[in-house]
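**Q** Mind having a look at this structure? Questions to follow.
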Amino acid sequence: MPYRFVSCFLLMLGYWLSPCIYSVQAQSNVSLAGAWQLRLDSTDSGLEKHYWVGMYTDQINLPGSLAQQGKGNPVTLDTPWTGDIVDSTYFVSDKYQTYRQGDIKVPFWLKPVKYYAGPVWYRRQVILPADWSKKRVVLNLERCHWETMVYVNGQFCGTRNSLVVPHQFDVSGYLKPGENTIAIRVDNRIKLHIGPNSHSIADHTQSNWNGIVGDISLEASNPVFFDDIKIYPNLKNQTIRIAMTVRQPRHEQFMGKLSLQVKNRGRKGGVLPVQQQEVSLPTESTSLTATYSIPDPALWDEFSPNLYQVVAQLTDAQGQHISEKEVSFGMREISTEGTRIVVNGRPVFLRGDVDCAAFPLTGYPPTSEAPWEKIMTTLKQYGLNHLRFHSWCPPDAAFRVADRLGLYLYVESPLWANQGSAVGTDGVIDTFIYQESDRILKQYGNHPSFCMMSYGNEPGGRNQHAFLGRWVDHFKQTDTRRLFTSGAGWPMLPENQFHIHSDARIQHWGEGLNSIINRLAPQTSYDWRDTIKSVKAPYVSHEIGQWCVYPNFNEMAKYTGVMKPTNFEIFKETLAANGMGDQAEAFLNASGRLQTLCYKADIEAALRTPGFGGFQLLGLHDFPGQGTALVGALNTFYEPKPYTNAREYRRFCNQTVLLARMDKLIYQNNQTLTAHLEIAHFGASELANQTVLWQLTDAKGAVKRSGHFTKDKIRIDNAQPVGTIEIPLSMIKSPQQLTLSVSLKGSDVSNQWDVWVYPAGIDPAAETGTVLITRSLTDDVIRRMQQGASVLLLPYGYVKEGKGAEVKIGFSSVFWNTSWTKGQAPHTLGLVCNPAHSLFASFPTESHSNFQWQDIVSHSQAVILDGFSTSLRPLIQPIDTWFENRRLALAFEGKVGKGKLIVCTVDLENELTKRPVARQLKYSLLRYMNSSKFNPNQELELAKVQSLFSEAKTVAYPTAEK
């Protein structure tokens, strides 16, 4: 039997099949968009003074926010921000003094054009259609921030405080024929202590806005109506279960006909038969259940996001149309098998980004589809299939777009219950979590893209395990259409259907220079199998990356809306004040190349891990708050930055990725390059009879070695071995940067890694020549230099505090940002240099950091050159955190008297036999100093150079003077 109705209230008198449901008339709707009267209530006296009546002297257009229309107060030092400002130096430091005056500038997030926190009253008149007198009329406010109260014709109609769904009010009993007055009080102050940094409310990202956005309307319908419809796909049986709730006025009984029809939204003529059934509804709220067959259904997933639509219709005994509801859904099931997440029986690997509600043009989330289309299309272009909403839930438009594009969404209730808030307190916060979770599931639960859910982000509270364990159990039983976990980040509970945790990433909070990427020699062999070996459910790594890039000041002109980049203005001005304004673009591109390398390392480690569930990036795009976290390859407008692109990201972040496990990336030419090739494949189907091509090329593209492997079958899995490459490097006679490239023949699947080869027998001492090498500028060294000697000063370990010793330099870029992390190392964003400079003639490099620099910076100290002439440009220049913008150097050169000086604060003396990169740099440096090209034109003040360092205890000289 192709259909089945189950209800204790269903009168089964027979059934009919008809070809199609036709909508008799769309339910009436009156838009309330347009001009509204406005009254700010900064003293919060409006309730006492009855602001729903009386004089209003201002107006505003809705939908919209106060800030969008220049309403509110100027931002001052006393602005009551929503969100923690971890680094309070802005309020006391001399370096920010000028920015605290007049029209202030703030460095910790974007600055709104106006700011207001408190109640605001919005009022307008509306004339009802004449035939609405017996209708049920609902006032719909699609997205409000935060609490609303509604008065109709002076009568209080209720209050709502949801941050996740439309605020809806049944105003039927308060309306009258003709003109009516609607007054809405919106209060954007914190109404419940859900955590000050929750992205549903904080100024870090979307701003603490006041207003009403999206649909604002009155909707009239029959008093008998569908209150809710839930669709539960069953792929095995090729059916859906339709669970309906129908409401009607109390003490009335409806008798009529229920009709159901499913339409395939993607196939012409994909209309299935109508199922009809007579029904009797004896109570105010009646639950009905139906089963509907969908033969050979088109499934929904990331590859084929097929959509269906259910049309449910009620007609009365006379055949009059009573109520109709259309619901979109997809034939999609999600479950787990061991440590894998499975969609429709196929394993998936989540490649996700984290959305923290940053919308700088409006200061609030979009309710139309076009902005979400741009965001989600861009995510897929960069190889992602997943999006997490961090402590907030988007409007319906986001789900609709994700449904169409095939993106797996992970939604949170609007809490980051930490930093003074907590879960498991058995109070209003716990109740609010359940209320908001129920609202999310009811409002958005039919969207096939809505695949995962948690309470929120990184909870606090000593009883969090018990509370969240019960929360997960409750919703697993309530809604089987998605997976549930306790929270993003923690805790890992036995109740969780999957885990999101931060142990599996190459840099942790507080880890500083002890992280994998800063501590270990460059390699591509590590993974997280030890981290997850005892985990029984899928493990998704939490907020991986967080790798910063220098600000792109060209982006500032894009901030044409309510949020202004005064943080960027401060950073730009301090850079120029320290004599480096013309280096901004170089800093951006150099740090961006390092950022890309760091993200590649993070993502590939996840893809190398057998049985891994996936990752969530923080992030593909910038985060404008929490001190300014410029962690994206995209800006906050989801536009690419100039140093990378989607094509490059898809090499290492895609449904099919070729990988190489190499224990080292730095070689000597008496060694053998060894690379174990693997493939991670999570495509729509398995692959057969594939050929993997590989080649090793030099900087000019000349092929040094090449080959191929064949693979009969590539499963849907990762850590699948392809073959091992072994290349003796004795043919490399000079220092070279080589590239190992791999590709899947006949496809656009490819990947590559740089490796470096250095001559094994090189001896820097043989290149000393006339150069005087010293650790300290003694009187004797100074005398000889002034007489014309070339001096190489190697003061590693002797840089003074205040002169650079406090700068924690590491190989990786800055993690998140140095403001919010309270100065977590590293403080730098890689290096910038000129590869065409003669210093690097025997030391292959690009203009930015790559893995060969890891040993150099790990054995170095930065010096601060802020007191030197602005014309002095370092030979090797670390890029400082934008909060300081100090002019840093690892090497610089100049004239002293008749002599010439290079200062290099890299350790070029110790264990050089074990450090081929440092050995080669010293070799190249000495060759340069002994060449005619060593002719610096910058005069150095000896006293300023001496002021950088404490005096070394020992001084090294060349073995012979000439």
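Labeling convention for the structure tokens: chains A, B, ... as they appear, residues from 1 per chain, ligands from 1 in order of appearance.
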Could you go through range 308-547 of chain A and tell me which residues DSSP, when run on the backbone, assigns to alpha helix (DSSP H), listing them as a PyMOL selection string?

**A** chain A and resi 369-381+396-405+428-444+464-478+516-519+529-532

**Q** Compile a residue-level contact table for range 317-347 of chain A against range 224-236 of chain A at a cut-off of 12 Å, reporting for every qualifying residue the shortest atom pair and its distance in Å to one decimal, with only C-alpha atoms counted, rows ordered by chain and ascending number, as JSON lines.

**A**
```
{"residue": "A:His321", "atom": "CA", "partner": "A:Val224", "partner_atom": "CA", "distance": 10.7}
{"residue": "A:Ile322", "atom": "CA", "partner": "A:Val224", "partner_atom": "CA", "distance": 6.9}
{"residue": "A:Ser323", "atom": "CA", "partner": "A:Phe225", "partner_atom": "CA", "distance": 5.3}
{"residue": "A:Glu324", "atom": "CA", "partner": "A:Phe226", "partner_atom": "CA", "distance": 7.2}
{"residue": "A:Lys325", "atom": "CA", "partner": "A:Phe226", "partner_atom": "CA", "distance": 6.7}
{"residue": "A:Glu326", "atom": "CA", "partner": "A:Ile229", "partner_atom": "CA", "distance": 8.9}
{"residue": "A:Val327", "atom": "CA", "partner": "A:Ile229", "partner_atom": "CA", "distance": 7.4}
{"residue": "A:Ser328", "atom": "CA", "partner": "A:Ile231", "partner_atom": "CA", "distance": 8.9}
{"residue": "A:Phe329", "atom": "CA", "partner": "A:Ile231", "partner_atom": "CA", "distance": 7.1}
{"residue": "A:Gly330", "atom": "CA", "partner": "A:Pro233", "partner_atom": "CA", "distance": 7.8}
{"residue": "A:Met331", "atom": "CA", "partner": "A:Pro233", "partner_atom": "CA", "distance": 5.6}
{"residue": "A:Arg332", "atom": "CA", "partner": "A:Pro233", "partner_atom": "CA", "distance": 6.6}
{"residue": "A:Glu333", "atom": "CA", "partner": "A:Pro233", "partner_atom": "CA", "distance": 7.0}
{"residue": "A:Ile334", "atom": "CA", "partner": "A:Pro233", "partner_atom": "CA", "distance": 10.5}
{"residue": "A:Val343", "atom": "CA", "partner": "A:Leu235", "partner_atom": "CA", "distance": 11.1}
{"residue": "A:Asn344", "atom": "CA", "partner": "A:Leu235", "partner_atom": "CA", "distance": 7.8}
{"residue": "A:Gly345", "atom": "CA", "partner": "A:Leu235", "partner_atom": "CA", "distance": 9.7}
```

**Q** List the spatial neighbours of range 484-493 of chain A as a PyMOL selection string - criterion: any atom at most 8 Å away, only C-alpha atoms, same-chain residues fewer than 4 positions off excluded.

**A** chain A and resi 452-459+465+468-469+471-472+475-476+497-502+542

**Q** Hey, what's within 8 Å of Leu940 in chain A if we count only C-alpha atoms and toss same-chain stuff fewer than 3 positions away? As a ChimeraX atom specification, please?

**A** /A:894-896,944-945

**Q** Find the spatial neighbours of range 910-919 of chain A, counting only C-alpha atoms, within a cut-off of 7 Å - ignore same-chain residues fewer than 5 positions away - and output them as an NGL selection string.

**A** :A and (758 or 764 or 852 or 856)

**Q** Would you mind exporting N, CA and C atoms of the selected residues as an mmCIF file, in the first residue's frame?

**A**
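part-v2.cif written:
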```cif
data_model
loop_
_atom_site.group_PDB
_atom_site.id
_atom_site.type_symbol
_atom_site.label_atom_id
_atom_site.label_comp_id
_atom_site.auth_asym_id
_atom_site.auth_seq_id
_atom_site.Cartn_x
_atom_site.Cartn_y
_atom_site.Cartn_z
ATOM 1 N N TYR A 758 70.692 20.691 -0.188
ATOM 2 C CA TYR A 758 71.903 21.475 0.016
ATOM 3 C C TYR A 758 73.128 20.573 -0.116
ATOM 4 N N PRO A 764 81.392 26.696 5.363
ATOM 5 C CA PRO A 764 81.337 28.162 5.373
ATOM 6 C C PRO A 764 82.661 28.802 5.768
ATOM 7 N N GLN A 852 62.120 26.061 4.463
ATOM 8 C CA GLN A 852 63.557 26.064 4.691
ATOM 9 C C GLN A 852 63.957 27.101 5.741
ATOM 10 N N ILE A 856 66.071 28.455 10.601
ATOM 11 C CA ILE A 856 66.662 29.785 10.760
ATOM 12 C C ILE A 856 65.926 30.566 11.854
#
```

**Q** Give me, as a VMD selection string, all polymer residues having an atom no more than 10 Å from range 525-537 of chain A, counting only C-alpha atoms and skipping those fewer than 6 positions away in the same chain.

**A** chain A and resid 336 to 341 492 to 499 503 to 506 516 601 to 602 604 to 613 659 to 664 675 to 676

**Q** Would you kindly return, as a list in words, each protein, DNA or RNA residue with an atom no farther than 9 Å from any atom of Pro728 in chain A, considering only C-alpha atoms and excluding same-chain residues fewer than 2 positions away?

**A**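 Here the answer would be Asn669, Asn670, Gln671, Thr672, Leu673, Thr674, Glu726, Ser730 and Met731 of chain A.
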
**Q** I need the residues from that last selection saved to file as a compact mmCIF listing (two decimals), in the first residue's frame (with N, CA and C atoms), if you can.

**A**
```
# COMPACT_ATOMS: atom_id res chain seq x y z
N ASN A 669 72.62 16.54 -0.38
CA ASN A 669 72.68 15.81 -1.64
C ASN A 669 73.36 14.45 -1.54
N ASN A 670 73.68 14.02 -0.33
CA ASN A 670 74.12 12.64 -0.14
C ASN A 670 73.01 11.79 0.46
N GLN A 671 71.77 12.31 0.41
CA GLN A 671 70.62 11.60 0.97
C GLN A 671 69.63 11.26 -0.14
N THR A 672 68.62 10.49 0.24
CA THR A 672 67.58 10.07 -0.70
C THR A 672 66.24 10.66 -0.29
N LEU A 673 65.59 11.31 -1.23
CA LEU A 673 64.25 11.82 -0.99
C LEU A 673 63.27 10.64 -1.03
N THR A 674 62.49 10.50 0.02
CA THR A 674 61.49 9.42 0.10
C THR A 674 60.12 10.01 0.36
N GLU A 726 61.38 7.11 -4.34
CA GLU A 726 62.71 7.21 -3.76
C GLU A 726 63.64 7.80 -4.81
N SER A 730 72.03 12.77 -5.32
CA SER A 730 73.42 13.06 -5.67
C SER A 730 73.56 13.86 -6.95
N MET A 731 72.52 13.86 -7.79
CA MET A 731 72.61 14.63 -9.04
C MET A 731 72.46 16.13 -8.78
```
